[in-house]
Structures are given as structure tokens and as C-alpha cells.
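The data block below is work-v6.pdb; it holds PDB, C-alpha atoms, pLDDT in the B column.
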ATOM      1  CA  MET M  96       4.970 -50.234  69.871  1.00 50.00           C
ATOM      2  CA  ALA M  97       3.597 -48.222  72.771  1.00 72.00           C
ATOM      3  CA  ALA M  98       7.163 -47.862  74.068  1.00 77.00           C
ATOM      4  CA  ASN M  99       8.238 -46.173  70.803  1.00 84.00           C
ATOM      5  CA  THR M 100       5.200 -43.906  70.937  1.00 84.00           C
ATOM      6  CA  ALA M 101       5.982 -42.959  74.527  1.00 83.00           C
ATOM      7  CA  ALA M 102       9.615 -42.271  73.597  1.00 88.00           C
ATOM      8  CA  ALA M 103       8.421 -40.077  70.706  1.00 91.00           C
ATOM      9  CA  MET M 104       6.144 -38.233  73.144  1.00 89.00           C
ATOM     10  CA  ARG M 105       9.068 -37.609  75.502  1.00 90.00           C
ATOM     11  CA  LEU M 106      11.263 -36.467  72.595  1.00 94.00           C
ATOM     12  CA  CYS M 107       8.664 -34.007  71.317  1.00 95.00           C
ATOM     13  CA  ALA M 108       7.782 -32.741  74.797  1.00 93.00           C
ATOM     14  CA  GLY M 109      11.430 -32.238  75.647  1.00 93.00           C
ATOM     15  CA  LEU M 110      12.181 -30.315  72.461  1.00 95.00           C
ATOM     16  CA  GLY M 111       8.916 -28.389  72.360  1.00 94.00           C
ATOM     17  CA  VAL M 112       7.627 -29.720  69.035  1.00 96.00           C
ATOM     18  CA  CYS M 113       4.254 -31.187  68.100  1.00 96.00           C
ATOM     19  CA  LEU M 114       3.717 -34.909  67.608  1.00 95.00           C
ATOM     20  CA  HIS M 115       1.214 -36.128  65.040  1.00 96.00           C
ATOM     21  CA  ILE M 116       0.129 -39.768  64.962  1.00 92.00           C
ATOM     22  CA  ILE M 117      -1.507 -40.967  61.741  1.00 93.00           C
ATOM     23  CA  GLU M 118      -3.838 -43.901  62.274  1.00 89.00           C
ATOM     24  CA  PRO M 119      -3.973 -46.772  61.949  1.00 84.00           C
ATOM     25  CA  CYS M 120      -1.005 -46.977  64.298  1.00 77.00           C
ATOM     26  CA  GLY M 121      -0.204 -50.652  63.864  1.00 69.00           C
ATOM     27  CA  PHE M 122      -0.834 -51.244  67.565  1.00 65.00           C
ATOM     28  CA  VAL M 123      -3.743 -50.908  69.948  1.00 62.00           C
ATOM     29  CA  TRP M 124      -3.926 -47.361  71.356  1.00 70.00           C
ATOM     30  CA  ASP M 125      -4.065 -47.966  75.096  1.00 69.00           C
ATOM     31  CA  GLU M 126      -4.270 -44.729  77.119  1.00 73.00           C
ATOM     32  CA  ARG M 127      -3.432 -46.494  80.383  1.00 75.00           C
ATOM     33  CA  LYS M 128      -0.326 -48.155  78.996  1.00 71.00           C
ATOM     34  CA  LEU M 129       0.811 -44.948  77.275  1.00 69.00           C
ATOM     35  CA  LYS M 130       0.407 -43.004  80.519  1.00 69.00           C
ATOM     36  CA  GLN M 131       2.480 -45.637  82.255  1.00 68.00           C
ATOM     37  CA  VAL M 132       5.369 -45.567  79.758  1.00 64.00           C
ATOM     38  CA  ALA M 133       5.225 -41.839  78.917  1.00 62.00           C
ATOM     39  CA  MET M 134       5.479 -41.037  82.632  1.00 68.00           C
ATOM     40  CA  ASP M 135       5.078 -37.368  83.512  1.00 76.00           C
ATOM     41  CA  TYR M 136       5.786 -36.202  79.930  1.00 75.00           C
ATOM     42  CA  LEU M 137       2.264 -36.953  78.706  1.00 77.00           C
ATOM     43  CA  PRO M 138       0.780 -33.613  79.851  1.00 81.00           C
ATOM     44  CA  LEU M 139       3.716 -31.777  78.221  1.00 86.00           C
ATOM     45  CA  VAL M 140       3.332 -33.193  74.717  1.00 88.00           C
ATOM     46  CA  ASN M 141       1.302 -31.420  72.061  1.00 92.00           C
ATOM     47  CA  LEU M 142      -0.237 -34.532  70.496  1.00 90.00           C
ATOM     48  CA  THR M 143      -2.655 -34.756  67.580  1.00 94.00           C
ATOM     49  CA  ARG M 144      -4.062 -38.043  66.320  1.00 91.00           C
ATOM     50  CA  HIS M 145      -5.277 -38.083  62.721  1.00 96.00           C
ATOM     51  CA  ALA M 146      -7.944 -40.604  61.684  1.00 94.00           C
ATOM     52  CA  GLY M 147      -5.984 -41.476  58.540  1.00 95.00           C
ATOM     53  CA  TRP M 148      -3.632 -40.229  55.840  1.00 96.00           C
ATOM     54  CA  GLU M 149      -6.303 -38.048  54.194  1.00 96.00           C
ATOM     55  CA  ALA M 150      -7.030 -36.295  57.501  1.00 97.00           C
ATOM     56  CA  PHE M 151      -3.334 -35.625  58.012  1.00 97.00           C
ATOM     57  CA  VAL M 152      -2.889 -34.270  54.475  1.00 97.00           C
ATOM     58  CA  ALA M 153      -5.869 -31.950  55.010  1.00 97.00           C
ATOM     59  CA  TRP M 154      -4.283 -30.689  58.244  1.00 97.00           C
ATOM     60  CA  ALA M 155      -0.849 -30.284  56.585  1.00 97.00           C
ATOM     61  CA  GLN M 156      -2.225 -28.166  53.726  1.00 96.00           C
ATOM     62  CA  GLY M 157       0.505 -25.783  52.542  1.00 94.00           C
ATOM     63  CA  ARG M 158       3.293 -27.525  54.483  1.00 97.00           C
ATOM     64  CA  ARG M 159       6.005 -29.712  53.023  1.00 98.00           C
ATOM     65  CA  ILE M 160       5.927 -33.336  54.163  1.00 98.00           C
ATOM     66  CA  VAL M 161       9.485 -34.632  54.419  1.00 98.00           C
ATOM     67  CA  LEU M 162       9.616 -38.413  54.647  1.00 98.00           C
ATOM     68  CA  PHE M 163      12.628 -40.138  56.186  1.00 97.00           C
ATOM     69  CA  SER M 164      13.105 -43.339  54.189  1.00 95.00           C
ATOM     70  CA  SER M 165      15.827 -45.907  53.635  1.00 90.00           C
ATOM     71  CA  LYS M 166      14.795 -45.792  49.949  1.00 90.00           C
ATOM     72  CA  ALA M 167      15.666 -42.088  49.546  1.00 94.00           C
ATOM     73  CA  GLY M 168      18.881 -40.840  47.978  1.00 94.00           C
ATOM     74  CA  THR M 169      19.285 -37.453  49.655  1.00 98.00           C
ATOM     75  CA  PRO M 170      21.011 -37.497  53.066  1.00 98.00           C
ATOM     76  CA  TYR M 171      18.970 -35.587  55.641  1.00 98.00           C
ATOM     77  CA  THR M 172      22.030 -33.449  56.455  1.00 98.00           C
ATOM     78  CA  SER M 173      22.126 -32.235  52.817  1.00 98.00           C
ATOM     79  CA  PHE M 174      18.458 -31.245  52.771  1.00 98.00           C
ATOM     80  CA  ALA M 175      17.380 -27.624  53.389  1.00 98.00           C
ATOM     81  CA  PHE M 176      14.554 -27.783  55.927  1.00 98.00           C
ATOM     82  CA  HIS M 177      11.931 -25.036  56.288  1.00 97.00           C
ATOM     83  CA  SER M 178      10.429 -24.108  59.647  1.00 96.00           C
ATOM     84  CA  ALA M 179       6.908 -25.248  58.631  1.00 96.00           C
ATOM     85  CA  ASP M 180       8.031 -28.686  57.393  1.00 98.00           C
ATOM     86  CA  CYS M 181       6.387 -31.829  58.734  1.00 98.00           C
ATOM     87  CA  LEU M 182       8.937 -34.566  59.362  1.00 98.00           C
ATOM     88  CA  MET M 183       7.461 -37.995  58.787  1.00 97.00           C
ATOM     89  CA  PHE M 184       8.772 -41.370  59.937  1.00 95.00           C
ATOM     90  CA  GLY M 185       7.255 -44.712  59.007  1.00 90.00           C
ATOM     91  CA  ARG M 186       7.221 -48.095  60.657  1.00 83.00           C
ATOM     92  CA  GLU M 187      10.621 -49.650  61.329  1.00 81.00           C
ATOM     93  CA  SER M 188       9.575 -52.902  59.691  1.00 79.00           C
ATOM     94  CA  ALA M 189       7.916 -51.575  56.540  1.00 81.00           C
ATOM     95  CA  GLY M 190       8.298 -47.801  56.250  1.00 85.00           C
ATOM     96  CA  VAL M 191       5.259 -46.243  54.601  1.00 91.00           C
ATOM     97  CA  PRO M 192       3.261 -47.551  51.635  1.00 92.00           C
ATOM     98  CA  ASP M 193       4.619 -46.454  48.239  1.00 94.00           C
ATOM     99  CA  GLU M 194       1.434 -44.524  47.422  1.00 95.00           C
ATOM    100  CA  ILE M 195       1.939 -42.388  50.536  1.00 95.00           C
ATOM    101  CA  ALA M 196       5.656 -41.902  49.857  1.00 96.00           C
ATOM    102  CA  ARG M 197       4.779 -40.603  46.375  1.00 96.00           C
ATOM    103  CA  GLN M 198       2.573 -37.915  47.959  1.00 96.00           C
ATOM    104  CA  CYS M 199       5.352 -36.570  50.182  1.00 97.00           C
ATOM    105  CA  THR M 200       7.135 -33.406  49.122  1.00 97.00           C
ATOM    106  CA  ALA M 201      10.627 -34.789  49.702  1.00 98.00           C
ATOM    107  CA  LEU M 202      12.321 -38.017  50.740  1.00 98.00           C
ATOM    108  CA  VAL M 203      15.533 -38.000  52.756  1.00 98.00           C
ATOM    109  CA  THR M 204      17.627 -40.735  54.281  1.00 96.00           C
ATOM    110  CA  ILE M 205      19.914 -41.306  57.223  1.00 96.00           C
ATOM    111  CA  PRO M 206      23.035 -42.878  55.705  1.00 96.00           C
ATOM    112  CA  MET M 207      23.694 -46.299  57.217  1.00 93.00           C
ATOM    113  CA  ALA M 208      26.754 -48.495  57.458  1.00 94.00           C
ATOM    114  CA  ALA M 209      26.970 -51.298  54.907  1.00 93.00           C
ATOM    115  CA  GLY M 210      24.770 -54.210  55.934  1.00 91.00           C
ATOM    116  CA  ALA M 211      22.706 -52.220  58.452  1.00 88.00           C
ATOM    117  CA  ARG M 212      18.966 -52.144  57.707  1.00 81.00           C
ATOM    118  CA  CYS M 213      17.532 -49.374  59.846  1.00 82.00           C
ATOM    119  CA  LEU M 214      17.628 -47.513  63.131  1.00 90.00           C
ATOM    120  CA  ASN M 215      14.949 -47.451  65.787  1.00 92.00           C
ATOM    121  CA  VAL M 216      12.222 -45.075  64.608  1.00 93.00           C
ATOM    122  CA  VAL M 217      12.611 -42.733  67.595  1.00 94.00           C
ATOM    123  CA  THR M 218      16.394 -42.687  67.192  1.00 96.00           C
ATOM    124  CA  SER M 219      15.833 -41.691  63.560  1.00 96.00           C
ATOM    125  CA  ALA M 220      13.307 -39.062  64.620  1.00 97.00           C
ATOM    126  CA  ALA M 221      15.749 -37.618  67.163  1.00 98.00           C
ATOM    127  CA  MET M 222      18.473 -37.359  64.533  1.00 98.00           C
ATOM    128  CA  GLY M 223      16.153 -35.801  61.961  1.00 98.00           C
ATOM    129  CA  LEU M 224      14.576 -33.444  64.453  1.00 98.00           C
ATOM    130  CA  GLY M 225      17.992 -32.358  65.694  1.00 97.00           C
ATOM    131  CA  GLU M 226      19.077 -31.394  62.167  1.00 98.00           C
ATOM    132  CA  PHE M 227      15.718 -29.719  61.489  1.00 98.00           C
ATOM    133  CA  LEU M 228      16.024 -27.620  64.655  1.00 97.00           C
ATOM    134  CA  ARG M 229      19.682 -26.800  63.968  1.00 97.00           C
ATOM    135  CA  GLN M 230      18.711 -25.428  60.549  1.00 97.00           C
ATOM    136  CA  THR M 231      15.472 -23.656  61.457  1.00 97.00           C
ATOM    137  CA  LYS M 232      15.938 -22.370  65.015  1.00 89.00           C
ATOM    138  CA  SER M 233      19.312 -20.641  64.748  1.00 68.00           C
TER     139      SER M 233
END
What do you get writing this file as C-alpha cells?
Amino acid sequence: MAANTAAAMRLCAGLGVCLHIIEPCGFVWDERKLKQVAMDYLPLVNLTRHAGWEAFVAWAQGRRIVLFSSKAGTPYTSFAFHSADCLMFGRESAGVPDEIARQCTALVTIPMAAGARCLNVVTSAAMGLGEFLRQTKS
């Protein structure tokens, strides 16, 4: 899991966007290991860790939370993103709990080939972030 977090840090640092981690992470947060795998990108990432879902929702007040989910019907490329949107990605193995998904403003999906379950979470984030930036930064 730390490798995915480090890859997300590099993605966000490289594209100049903030990264928010909502705890519990599902893995032990190990600063030493993250520094090792995030390499020299760690000082470049604007990272905020939220103690839980409620803390994140309080921070996100007034912003739309757009959840990427395999259970959604709207393709992410058909969704109209706003510049203040928060893009949210769940765990590869389980997504997010239904009660959290119900609190999100919108659910979008990355269409998959028949029989494919999911993409790596950071690959999904890169695709979603690319479309978000294409729509909002032009």
C-alpha cells in the first residue's frame, strides 16, 4: 500500500494538485518507508491527512465530492467537472463503504473491458485527474 501512496504523491506533486488521505488508510503509515518510495517528490507534494471521513467532509464543505466507482453508471469522460471538485478514489479491493458513497455528490466510472474488475488505484487517479485538468484548466 505504501507504494500506491508514494505513486499518488508523485502524481499530485508532478501535476501540482493537492493530495488528501482519509484515515484509516488500510496500512500502517510509515514515514521512513514513504520517504524511501516517494523519493525526492515528498517535499513537493501538498499532502493533508484527515483523521476520518467526518474530518474530510468538514474540510470539503461547499465542494463537490466526485467518487470514482466501478458501481457508477456515468463515464468520467461524460461528467462535467468543476475546478473546486474533490476527486475521490477508494481501495482497489473494496472501494468505499456504501454509506460513504451515498454522501458523495456524484459517482463516475472508468469504463472497463468485459471481464476486467478494476485498474490500479493510482492509474485510475491519473486518468481521472487528467480529464479533470483537461476540463478545468483550459
Requested in this report: Starting from the displayed file, determine the output of the PyMOL selection byres ((chain M and resi 142) around 10) and express the residue list as a list in words.
Outcome: Met104, Cys107, Ala108, Val112, Cys113, Leu114, His115, Ile116, Leu137, Pro138, Leu139, Val140, Asn141, Thr143, Arg144 and His145 of chain M
Query raised in the report: From the set M:Leu110, M:Asp193, M:Trp124, M:Gly223, which residue has the shortest atom-to-atom contact distance to Val161 in chain M, counting only C-alpha atoms?
Result: M:Gly223
Query raised in the report: If you apply the PyMOL selection byres ((chain M and resi 214) around 12) to this file, what residues do you get, as a VMD selection string?
Result: chain M and resid 163 to 165 184 to 188 190 204 to 208 211 to 213 215 to 223
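Closest approach to Ala196 in chain M among M:Leu224, M:Ile160, M:Ala153, M:Ala101: M:Ile160, based on all atoms listed in the file.
Considering only C-alpha atoms, the residue among M:Phe151, M:Tyr136, M:Phe227, M:Phe174 positioned nearest to Ala201 in chain M is M:Phe174.
Note that the spacing between CA of Arg105 in chain M and CA of Gln198 in chain M amounts to 28.3 Å.
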**Report entry** Reference answer for the PyMOL selection byres ((chain M and resi 230) around 10), as a PyMOL selection string
**Finding:** chain M and resi 172+174-178+224-229+231-233
Query raised in the report: What is the distance between CA of Ala209 in chain M and CA of Cys181 in chain M, in Å to one decimal?
Result: 28.6 Å
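With only C-alpha atoms as the atoms that count, the minimum distance from Ala146 in chain M to the choices M:Ala189, M:Leu202, M:Ile117, M:Ile195 is reached by M:Ile117.
Interatomic distance, CA of Ser173 in chain M against CA of Arg158 in chain M: 19.5 Å.
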Report summary line: Pro192 in chain M proximity check over M:Lys166, M:Asp135, M:Ala103, M:Ala98, using all atoms listed in the file: winner is M:Lys166
